[in-house]
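K.L.:
Structure below; questions to follow.
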Amino acid sequence: MTTYLAIFICLPPICAILALVGTFNNEILHWLHRITATIFGLAMVKLAMDFDPTQPFYNDYFYIDALSLWVMIIITTLYVAASWTAKSYLSREEKCGVLKGEQLQTGRYFALMQLFCWTMFLVLIVNNLGLMWVAIEATTLISALLISYKFTKSALEATWKYVMVCTVGICLALLGTLIMYYAQIQAMGSANALDWVYLKQHANALNPSLTKLAMLFLLVGYGTKAGMAPMHSWLPDAYAEAPSLTSGMLSGALCTCAIYVLLRNLVILLPTAGAELMSSMMVFFALLTVAIAVPFVVVQRDVKRILAYSSMENIGIMLAGVSVFTAFSLKAVMLHMYSHAMIKFVLFFMAGTIIQEYGTRNMMRIHGMLIDVPQTATFWLTGMLGILGLPPFGLFFSKFNILTAMFKSGHYIAGSLLVVLLVGVLIGILYHGMRMLSDKAKSRKPIGDLLQPIDILVLVLLLLATVVVGVGFENFGWLNHLLSQAVMIIGG
Amino acid sequence: MEYLVVALMCIVFLQTRFMELRRSTILLGVQSAFIAAACLVIGIAHGGGLHGFLPGILTILVKVIFIPFAILKVVRGLKDEREIISDINVNYSTGVAALALAMSYMIIDRLLPGFEGRDILATAMFMIMTGLALIVMRARAIMQMIGMITMENGIYLLGLIMTEGLPIIIELGVFLDVLIAVVILVILTSRLRLNFSTTDTNVMQKLKG
């Protein structure tokens, strides 16, 4: 186990330093990036195969159990996918003139990307809630540099908003963590400060009024990071202005990380703070998040912002699933995290490709994709069907299960509202998407299908993965076992 | 400790009045120096040792020396140093700070009745709320940064009083994060100056809907 940890902790920073200080040409850099990610991915596969979900790995600083393993799998998949598609994406970006001259610093991009994945991984493997906070704040800072990568006016605006809103939110989460530590000191002294395993064993001893207060701050703080309304204002800007590969990572991996940390904290707080308080707050925020996203999806003109608002919708659904807090709904949330991450990455990658092909982000000026760029159109359509939750994609099953869980647990009004709002999102996305696909090219002609064979391979694999896992997770013994264990750790 | 409370409150009130970037930054350094003093006082009261002194020394290195100097370096490159807004906004933000002070005493009395460090806890809450108000009400990038660090200082002080300091490794992590945050904000501010030829965040109105 220590070998794996050594690989996870050392490999990305080494690659980042090499990319930053070494004067390699682009070709070597691309391969360095790919090989690092692949070794990382192989180590992850080996770890997942050796790992017994019922036996968490545990020492003073690190902790890996079924829950963290599941999120690690999600993030590693995106990491590997992003590294293999990076070459064609960046070279196209250069060809289409989005990145020019001094802006094209592939080394800087790869270094930041490696560090970004690395900080997200640190969030998942540390045992201490305080260190988790430190790592989450580090992801904010590294991703800020990725969002402002092009240093255009709008990228700077988005980054400034992102850093300001997220840092304030994360500071509130620190306050919540401090209050939790205070509760721990009052109940059992300062030994094993904020150690997750220790706190979980003694969760019942904490002072209820303090844990309620801590939960409030932690929910708002990490909720900001996940993109929960009303602190979501950074989200559409950041997702739209970041390079498309980064947008996919932000949406798929970073949100998942934030929800993971929230879950870890809830495990400690719920026994004393009570599930009712959490449930009612979370349902409200979840519905608010979806409700705010719907009108923006319907009237949207920017191809990446529509995806950003769709991310908000999915975050809302995940929060709704967490709020129900039964084993059934939490399992659905786990699956939703996975499928959403895969499909969102595909969609953001396609959005980036469409922008490169047509030279515009305005969906109103794009027509006739089916005739002019059939490959791009196919993946764009598949991705859209996937994100809307149509079978056989994984999101269908997870959305369906989350809604079922809501109705079963008596959230009739909230559940019905959520269904209505989801219909709104469906209409919005299908309208815009179909309008882009059909008809003939009018004002703008694309420069041709830009997808490379390697991109197509990665995209197909990602889409297939959601189908397979979504449809058949109950038939894979290992997967089902892992998910059941993860749910048991959260304690649904 | 009483002197510390009064001094910190005065400084935070002054922070809402100062409009010139250079003076605000220096005031921020002074504010952090008082936080460092609080760290050292509490550290010595709890028996010194590495864990007693390290937070105080780190605060001096990072927040008293590094951060103000980094900000001052950016400020030197700016021509229009003054926050261009009317006096009304200044008075509003001081008013908000006064309200925050009253509210923080109310919150502390409600949540932790009979806590022995009531005044300093209220000061910490006051700093958090005032920092938040500064971020919301000020338009200049540097002033928002100052608000953010004020807020961070408040949270740090609160943690120090309530829990006698976090474990050393978390403490180090928090300092590292603050350090990187300031470096990144300084980079962004100088890029703002290059691209928009001002650091007024009100000019950033493009992204909507």
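The way I read the labels, and the way they are meant: chains A, B, ... in the order of the structure tokens, residue 1 as the first residue of every chain, and ligand 1 as the first ligand shown, with later ones counted on from there.
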Residues of chain B within 9 Å of chain A, using only C-alpha atoms, as a ChimeraX atom specification?
P.N.:
/B:111,132,135,141,144-145,148,151-152,155-156,158-159,162-163,166-167,169-171,173-174,176-177,180-181,184-185,188-189,191-192,195-196,201,204-209
K.L.:
Write the residues of the selection above to a file with C-alpha atoms, as a PDB file, in the first residue's frame.
P.N.:
ATOM      1  CA  LEU B 111     -23.794  30.538  21.376  1.00  0.00           C
ATOM      2  CA  LEU B 132     -16.582  40.037   4.349  1.00  0.00           C
ATOM      3  CA  ILE B 135     -14.832  42.220   0.008  1.00  0.00           C
ATOM      4  CA  ALA B 141      -8.823  44.395  -6.408  1.00  0.00           C
ATOM      5  CA  GLN B 144     -10.771  43.047  -1.792  1.00  0.00           C
ATOM      6  CA  MET B 145      -7.551  41.185  -1.095  1.00  0.00           C
ATOM      7  CA  MET B 148      -9.954  38.613   2.447  1.00  0.00           C
ATOM      8  CA  MET B 151     -11.333  37.731   7.294  1.00  0.00           C
ATOM      9  CA  GLU B 152      -8.668  35.029   7.340  1.00  0.00           C
ATOM     10  CA  ILE B 155     -10.872  33.034  11.556  1.00  0.00           C
ATOM     11  CA  TYR B 156      -7.322  32.334  12.632  1.00  0.00           C
ATOM     12  CA  LEU B 158     -11.048  32.538  16.550  1.00  0.00           C
ATOM     13  CA  GLY B 159      -9.368  29.180  16.131  1.00  0.00           C
ATOM     14  CA  MET B 162     -11.260  28.519  20.988  1.00  0.00           C
ATOM     15  CA  THR B 163      -8.940  25.608  20.441  1.00  0.00           C
ATOM     16  CA  LEU B 166      -4.653  23.551  15.497  1.00  0.00           C
ATOM     17  CA  PRO B 167      -2.231  20.621  15.211  1.00  0.00           C
ATOM     18  CA  ILE B 169       0.727  20.096  10.367  1.00  0.00           C
ATOM     19  CA  ILE B 170      -2.678  21.631   9.677  1.00  0.00           C
ATOM     20  CA  GLU B 171      -1.354  24.983  10.836  1.00  0.00           C
ATOM     21  CA  GLY B 173      -0.948  23.775   5.583  1.00  0.00           C
ATOM     22  CA  VAL B 174      -3.171  26.754   6.300  1.00  0.00           C
ATOM     23  CA  LEU B 176       0.956  27.595   2.896  1.00  0.00           C
ATOM     24  CA  ASP B 177      -2.502  28.072   1.415  1.00  0.00           C
ATOM     25  CA  ILE B 180      -0.136  30.711  -2.357  1.00  0.00           C
ATOM     26  CA  ALA B 181      -3.479  32.539  -2.389  1.00  0.00           C
ATOM     27  CA  ILE B 184      -1.967  34.056  -7.113  1.00  0.00           C
ATOM     28  CA  LEU B 185      -4.021  37.146  -6.326  1.00  0.00           C
ATOM     29  CA  LEU B 188      -4.032  38.198 -11.181  1.00  0.00           C
ATOM     30  CA  THR B 189      -3.950  41.828 -10.056  1.00  0.00           C
ATOM     31  CA  ARG B 191      -2.610  40.899 -15.133  1.00  0.00           C
ATOM     32  CA  LEU B 192      -5.739  42.981 -14.493  1.00  0.00           C
ATOM     33  CA  ASN B 195      -5.383  43.946 -19.604  1.00  0.00           C
ATOM     34  CA  PHE B 196      -7.831  46.489 -18.242  1.00  0.00           C
ATOM     35  CA  THR B 201     -13.193  45.239 -10.484  1.00  0.00           C
ATOM     36  CA  MET B 204     -15.406  43.451 -15.260  1.00  0.00           C
ATOM     37  CA  GLN B 205     -18.999  43.278 -16.418  1.00  0.00           C
ATOM     38  CA  LYS B 206     -18.767  41.042 -19.443  1.00  0.00           C
ATOM     39  CA  LEU B 207     -19.810  37.660 -18.116  1.00  0.00           C
ATOM     40  CA  LYS B 208     -23.504  37.464 -17.418  1.00  0.00           C
ATOM     41  CA  GLY B 209     -26.324  34.952 -17.680  1.00  0.00           C
TER      42      GLY B 209
END
K.L.:
Give me the residues within 12 Å of Ile26 (chain B) as a list in words, counting only C-alpha atoms and dropping any in the same chain fewer than 5 places off.
P.N.:
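Selected residues are Ile11, Leu14, Gln15, Phe18, Glu20, Leu21, Gln31, Ser32, Ala33, Lys63, Val64, Ile65, Phe66, Ile67, Pro68, Phe69, Ala70, Ile71, Leu72, Val75 and Ile146 of chain B.
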K.L.:
Tell me, in Å to one decimal, how far CA of Arg264 (chain A) is from CA of Ser409 (chain A).
P.N.:
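Distance reported for this atom pair: 22.6 Å.
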K.L.:
Within 8 Å of Thr123 (chain B), counting only C-alpha atoms, which residues qualify if same-chain residues fewer than 3 places away don't, as number ranges by chain?
P.N.:
B: 5, 8-9, 101, 104, 119-120, 126-127, 154
K.L.:
Considering only C-alpha atoms, state which residue in the set B:Met129, B:Ala122, B:Cys10, B:Leu4 is at the smallest distance from Val96 (chain B).
P.N.:
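Checking each candidate against Val96 (chain B), we get B:Met129 as the closest.
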K.L.:
Could you give me, as a ChimeraX atom specification, the residues within 9 Å of Leu58 (chain B), counting only C-alpha atoms and dropping anything in the same chain fewer than 3 positions from it?
P.N.:
/B:36,53-55,61-63,172,175
K.L.:
Going by DSSP on the backbone, which bits of region 20-208 of chain B are alpha helix (DSSP H)? Write them as number ranges by chain, please.
P.N.:
B: 21-45, 49-59, 67-76, 87-111, 118-137, 141-163, 168-196
K.L.:
Which one is closest to Cys39 (chain B): B:Leu194, B:Ile60, B:Leu78, B:Leu99? Count only C-alpha atoms.
P.N.:
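Once distances to Cys39 (chain B) are computed over only C-alpha atoms, the minimum belongs to B:Ile60.
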K.L.:
Compile the contact shell of Ala226 (chain A) as a PyMOL selection string: residues with an atom at most 7 Å away, counting only C-alpha atoms, same-chain residues fewer than 3 positions apart removed.
P.N.:
chain A and resi 222-223+255+258-259
K.L.:
Go ahead and dump the residues you just picked, N, CA and C atoms, as an mmCIF file, in the first residue's frame.
P.N.:
data_model
loop_
_atom_site.group_PDB
_atom_site.id
_atom_site.type_symbol
_atom_site.label_atom_id
_atom_site.label_comp_id
_atom_site.auth_asym_id
_atom_site.auth_seq_id
_atom_site.Cartn_x
_atom_site.Cartn_y
_atom_site.Cartn_z
ATOM 1 N N TYR A 222 -18.357 24.075 1.849
ATOM 2 C CA TYR A 222 -18.059 23.108 0.794
ATOM 3 C C TYR A 222 -19.125 23.147 -0.294
ATOM 4 N N GLY A 223 -20.340 23.593 0.053
ATOM 5 C CA GLY A 223 -21.377 23.768 -0.969
ATOM 6 C C GLY A 223 -20.957 24.806 -1.994
ATOM 7 N N CYS A 255 -16.052 18.996 -8.468
ATOM 8 C CA CYS A 255 -17.347 18.978 -7.776
ATOM 9 C C CYS A 255 -17.495 17.683 -6.987
ATOM 10 N N ALA A 258 -15.601 17.958 -3.822
ATOM 11 C CA ALA A 258 -16.246 18.804 -2.815
ATOM 12 C C ALA A 258 -17.372 18.034 -2.133
ATOM 13 N N ILE A 259 -18.150 17.289 -2.929
ATOM 14 C CA ILE A 259 -19.251 16.524 -2.340
ATOM 15 C C ILE A 259 -18.711 15.414 -1.449
#
